[in-house]
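The structure appears below as structure tokens.
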Amino acid sequence: LQKVFRRLPKGMPFAIVVLQDLTEGYSQRLAGLISSWTNLPVHEADTHLVPKIGEVYLPSPGRVLTIDARSLRASKIEGDRLVSASVNMIDRFLEGLAQHHGNRAVAVILSGKGMDGAAGALCIRNAGGIVIVQDPLTALHDSMPNAVIRRGLHDHWCHRPARRGFP
């Protein structure tokens, strides 16, 4: 995430939503970290809001984000819902993004455990959107990028740069 945010160009024509796998433990410091990596405004969503171009959104701790045609909705997670919400959070968000934003949807799948993002990537591709995947060799946890790559659901694969003398 740090590399992505530090390299974002100014004047981006889209909003950014960052989701983490809740089973890994949600960092309450993520908004502060992202703010230190970018000049873009960073917002924690805790209810309903309309995203703005050039701004970053993430769910407040204990909340799951969904998207419709115009807004982000943050739903509170309670007790037993935590596990089921975290298992499907990323795919559920990407499915809504594909459904409501079609060929304007872009998904970036980074480091993570499990297969989160693979079903959502399929929805994005079927809607004409774009799926970008981190090179699994650069990922701390390569399961999520590999799940998308192995299914051929990616449009772009962010390969690590070659070093001199090495392929």
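Each chain in the structure tokens gets a letter, A, B, ..., in the order shown, and its residues are numbered from 1; ligands are numbered from 1 in order too.
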
message: I want to know what sits within 12 Å of A:Ser36, based on only C-alpha atoms, with residues of the same chain fewer than 6 positions away left out; could you give that as a PyMOL selection string?
response: chain A and resi 1-3+5-6+29-30+42

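Residues in contact with stretch 102-111 of chain A at 9 Å, where only C-alpha atoms are counted and same-chain residues fewer than 6 positions away are skipped, are listed as A:Leu1, A:Leu94, A:Gly117, A:Ala118, A:Gly120, A:Ala121, A:Cys123, A:Ile124, A:Arg125, A:Asn126, A:Ala127, A:Gly128, A:Gly129, A:Ile130, A:Val131, A:Ile132, A:Val133, A:Gln134, A:Asp135, A:Pro136, A:Thr138, A:Ala139, A:Leu140, A:His141, A:Asp142, A:Ser143, A:Met144, A:Pro145, A:Val148.
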
Pull C-alpha atoms from the residues just selected and write them as an mmCIF file, in the first residue's frame.
```
data_model
loop_
_atom_site.group_PDB
_atom_site.id
_atom_site.type_symbol
_atom_site.label_atom_id
_atom_site.label_comp_id
_atom_site.auth_asym_id
_atom_site.auth_seq_id
_atom_site.Cartn_x
_atom_site.Cartn_y
_atom_site.Cartn_z
ATOM 1 C CA LEU A 1 0.000 0.000 0.000
ATOM 2 C CA LEU A 94 -15.960 -5.934 -5.733
ATOM 3 C CA GLY A 117 -10.811 -11.080 -4.245
ATOM 4 C CA ALA A 118 -10.948 -13.944 -6.764
ATOM 5 C CA GLY A 120 -14.938 -10.287 -7.059
ATOM 6 C CA ALA A 121 -12.232 -10.108 -9.755
ATOM 7 C CA CYS A 123 -17.316 -9.975 -11.510
ATOM 8 C CA ILE A 124 -15.123 -6.985 -12.383
ATOM 9 C CA ARG A 125 -13.813 -8.703 -15.537
ATOM 10 C CA ASN A 126 -17.298 -9.832 -16.602
ATOM 11 C CA ALA A 127 -18.508 -6.233 -16.244
ATOM 12 C CA GLY A 128 -15.680 -4.973 -18.489
ATOM 13 C CA GLY A 129 -13.610 -3.509 -15.647
ATOM 14 C CA ILE A 130 -9.883 -3.878 -15.009
ATOM 15 C CA VAL A 131 -8.115 -6.163 -12.517
ATOM 16 C CA ILE A 132 -4.522 -5.429 -11.494
ATOM 17 C CA VAL A 133 -2.608 -7.932 -9.356
ATOM 18 C CA GLN A 134 0.556 -7.601 -7.277
ATOM 19 C CA ASP A 135 3.435 -9.870 -8.277
ATOM 20 C CA PRO A 136 3.161 -12.776 -5.802
ATOM 21 C CA THR A 138 6.741 -9.304 -3.835
ATOM 22 C CA ALA A 139 3.737 -10.086 -1.621
ATOM 23 C CA LEU A 140 4.107 -10.857 2.077
ATOM 24 C CA HIS A 141 1.218 -13.302 1.620
ATOM 25 C CA ASP A 142 0.858 -14.504 -1.970
ATOM 26 C CA SER A 143 -2.428 -16.430 -1.756
ATOM 27 C CA MET A 144 -4.748 -13.618 -2.859
ATOM 28 C CA PRO A 145 -2.694 -12.517 -5.880
ATOM 29 C CA VAL A 148 -6.579 -14.293 -9.205
#
```

- prompt: as a list in words, which residues of stretch 3-103 of chain A does DSSP assign to strand (DSSP E)?
  reply: Ile16, Val17, Val42, His43, Glu44, Ala45, His48, Leu49, Val56, Tyr57, Leu58, Pro59, Arg63, Val64, Leu65, Thr66, Ile67, Leu72, Arg73, Ala74, Ser75 and Lys76 of chain A

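Residues in contact with A:Ile67 at up to 8 Å, not including ones fewer than 2 positions away on its chain and judged by only C-alpha atoms, are Leu65, Ala69, Arg70, Ser71, Leu72, Arg73, Phe93, Gly96, Leu97 and His100 of chain A.
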
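Here atom CA of A:Val17 stands at a distance of 4.7 Å from atom CA of A:Tyr57.
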
- prompt: How would you write, as a PyMOL selection string, the set of residues in stretch 40-159 of chain A that DSSP gives as alpha helix (DSSP H)?
  reply: chain A and resi 81-101+118-126+143-150

Next, the residues of the selection above should be written as a compact mmCIF listing (two decimals), in the first residue's frame with N, CA, C and O atoms.
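Saved as again.txt:
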```
# COMPACT_ATOMS: atom_id res chain seq x y z
N ARG A 81 -21.10 -12.20 13.47
CA ARG A 81 -21.06 -11.71 12.08
C ARG A 81 -19.65 -11.38 11.65
O ARG A 81 -19.37 -11.27 10.46
N LEU A 82 -18.69 -11.22 12.58
CA LEU A 82 -17.33 -10.83 12.24
C LEU A 82 -16.69 -11.82 11.28
O LEU A 82 -16.15 -11.45 10.25
N VAL A 83 -16.77 -13.10 11.57
CA VAL A 83 -16.13 -14.11 10.72
C VAL A 83 -16.78 -14.15 9.35
O VAL A 83 -16.10 -14.09 8.33
N SER A 84 -18.10 -14.23 9.27
CA SER A 84 -18.74 -14.31 7.97
C SER A 84 -18.56 -13.03 7.17
O SER A 84 -18.39 -13.06 5.96
N ALA A 85 -18.53 -11.90 7.82
CA ALA A 85 -18.33 -10.63 7.12
C ALA A 85 -16.92 -10.53 6.56
O ALA A 85 -16.71 -10.11 5.44
N SER A 86 -15.93 -10.95 7.35
CA SER A 86 -14.56 -10.83 6.91
C SER A 86 -14.25 -11.78 5.77
O SER A 86 -13.47 -11.46 4.88
N VAL A 87 -14.87 -12.94 5.76
CA VAL A 87 -14.61 -13.92 4.71
C VAL A 87 -15.06 -13.38 3.36
O VAL A 87 -14.42 -13.60 2.35
N ASN A 88 -16.15 -12.64 3.31
CA ASN A 88 -16.73 -12.19 2.05
C ASN A 88 -16.59 -10.70 1.78
O ASN A 88 -17.05 -10.23 0.75
N MET A 89 -15.96 -9.96 2.65
CA MET A 89 -15.94 -8.50 2.54
C MET A 89 -15.36 -8.01 1.22
O MET A 89 -15.97 -7.18 0.54
N ILE A 90 -14.21 -8.48 0.83
CA ILE A 90 -13.55 -7.99 -0.37
C ILE A 90 -14.34 -8.40 -1.62
O ILE A 90 -14.62 -7.56 -2.48
N ASP A 91 -14.72 -9.66 -1.71
CA ASP A 91 -15.50 -10.11 -2.86
C ASP A 91 -16.85 -9.39 -2.93
O ASP A 91 -17.27 -8.97 -4.00
N ARG A 92 -17.50 -9.23 -1.80
CA ARG A 92 -18.80 -8.55 -1.78
C ARG A 92 -18.67 -7.12 -2.28
O ARG A 92 -19.50 -6.64 -3.06
N PHE A 93 -17.62 -6.44 -1.85
CA PHE A 93 -17.42 -5.06 -2.30
C PHE A 93 -17.16 -5.03 -3.81
O PHE A 93 -17.74 -4.23 -4.54
N LEU A 94 -16.28 -5.91 -4.30
CA LEU A 94 -15.96 -5.93 -5.73
C LEU A 94 -17.18 -6.31 -6.58
O LEU A 94 -17.35 -5.78 -7.68
N GLU A 95 -18.01 -7.20 -6.07
CA GLU A 95 -19.24 -7.56 -6.79
C GLU A 95 -20.15 -6.34 -6.93
O GLU A 95 -20.71 -6.08 -8.00
N GLY A 96 -20.31 -5.57 -5.86
CA GLY A 96 -21.11 -4.35 -5.92
C GLY A 96 -20.49 -3.31 -6.84
O GLY A 96 -21.20 -2.63 -7.60
N LEU A 97 -19.17 -3.20 -6.81
CA LEU A 97 -18.47 -2.27 -7.69
C LEU A 97 -18.72 -2.63 -9.15
O LEU A 97 -19.04 -1.76 -9.97
N ALA A 98 -18.62 -3.91 -9.46
CA ALA A 98 -18.87 -4.37 -10.84
C ALA A 98 -20.32 -4.13 -11.24
O ALA A 98 -20.60 -3.63 -12.34
N GLN A 99 -21.23 -4.46 -10.36
CA GLN A 99 -22.66 -4.31 -10.66
C GLN A 99 -23.05 -2.86 -10.93
O GLN A 99 -23.81 -2.57 -11.85
N HIS A 100 -22.52 -1.95 -10.12
CA HIS A 100 -22.96 -0.56 -10.21
C HIS A 100 -22.06 0.34 -11.05
O HIS A 100 -22.49 1.43 -11.44
N HIS A 101 -20.83 -0.10 -11.33
CA HIS A 101 -19.91 0.78 -12.05
C HIS A 101 -19.30 0.13 -13.29
O HIS A 101 -18.55 0.77 -14.01
N ALA A 118 -10.86 -13.17 -5.52
CA ALA A 118 -10.95 -13.94 -6.76
C ALA A 118 -12.36 -13.90 -7.34
O ALA A 118 -12.54 -13.64 -8.54
N ALA A 119 -13.38 -14.12 -6.53
CA ALA A 119 -14.76 -14.08 -7.03
C ALA A 119 -15.13 -12.66 -7.46
O ALA A 119 -15.77 -12.45 -8.48
N GLY A 120 -14.68 -11.68 -6.71
CA GLY A 120 -14.94 -10.29 -7.06
C GLY A 120 -14.21 -9.88 -8.34
O GLY A 120 -14.75 -9.13 -9.15
N ALA A 121 -12.99 -10.39 -8.53
CA ALA A 121 -12.23 -10.11 -9.76
C ALA A 121 -12.97 -10.65 -10.97
O ALA A 121 -13.01 -10.01 -12.02
N LEU A 122 -13.59 -11.82 -10.83
CA LEU A 122 -14.38 -12.38 -11.93
C LEU A 122 -15.54 -11.44 -12.27
O LEU A 122 -15.81 -11.18 -13.45
N CYS A 123 -16.21 -10.91 -11.27
CA CYS A 123 -17.32 -9.98 -11.51
C CYS A 123 -16.82 -8.71 -12.21
O CYS A 123 -17.48 -8.22 -13.14
N ILE A 124 -15.69 -8.19 -11.77
CA ILE A 124 -15.12 -6.99 -12.38
C ILE A 124 -14.81 -7.25 -13.85
O ILE A 124 -15.17 -6.46 -14.74
N ARG A 125 -14.16 -8.36 -14.14
CA ARG A 125 -13.81 -8.70 -15.54
C ARG A 125 -15.07 -8.89 -16.38
O ARG A 125 -15.15 -8.42 -17.51
N ASN A 126 -16.06 -9.60 -15.85
CA ASN A 126 -17.30 -9.83 -16.60
C ASN A 126 -18.05 -8.53 -16.89
O ASN A 126 -18.80 -8.45 -17.86
N SER A 143 -1.22 -15.67 -1.42
CA SER A 143 -2.43 -16.43 -1.76
C SER A 143 -3.45 -15.63 -2.55
O SER A 143 -4.01 -16.14 -3.53
N MET A 144 -3.74 -14.41 -2.15
CA MET A 144 -4.75 -13.62 -2.86
C MET A 144 -4.32 -13.29 -4.29
O MET A 144 -5.08 -13.53 -5.23
N PRO A 145 -3.10 -12.76 -4.49
CA PRO A 145 -2.69 -12.52 -5.88
C PRO A 145 -2.66 -13.80 -6.71
O PRO A 145 -3.12 -13.81 -7.86
N ASN A 146 -2.16 -14.89 -6.15
CA ASN A 146 -2.10 -16.15 -6.89
C ASN A 146 -3.49 -16.68 -7.23
O ASN A 146 -3.68 -17.26 -8.31
N ALA A 147 -4.45 -16.50 -6.35
CA ALA A 147 -5.82 -16.98 -6.62
C ALA A 147 -6.39 -16.30 -7.86
O ALA A 147 -7.08 -16.94 -8.66
N VAL A 148 -6.09 -15.03 -8.04
CA VAL A 148 -6.58 -14.29 -9.21
C VAL A 148 -5.77 -14.67 -10.45
O VAL A 148 -6.33 -14.92 -11.52
N ILE A 149 -4.46 -14.74 -10.31
CA ILE A 149 -3.58 -15.04 -11.45
C ILE A 149 -3.85 -16.44 -12.00
O ILE A 149 -3.96 -16.64 -13.20
N ARG A 150 -3.94 -17.41 -11.12
CA ARG A 150 -4.16 -18.80 -11.57
C ARG A 150 -5.47 -18.97 -12.32
O ARG A 150 -5.60 -19.87 -13.13
```

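Our summary of the geometry notes that atom CA of A:Ala31 is positioned 17.5 Å from atom CA of A:Ile53.
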
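When only C-alpha atoms are used to measure the gap to A:Val18, the shortest distance among A:Thr66, A:Pro59, A:Asp46, A:Leu137 belongs to A:Pro59.
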
task: Could you check how far atom CA of A:Thr38 sits from atom CA of A:Gln20, in Å to one decimal?
output: 18.2 Å

message: I'd like to know which of A:Ala74, A:Ile16, A:Leu8, A:Met115 is closest to A:Leu49, using only C-alpha atoms.
response: A:Ala74

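In terms of minimum interatomic distance to A:Lys76, A:Ala45 ranks closest within A:Ala45, A:Met12, A:Leu33, A:Val56, counting only C-alpha atoms.
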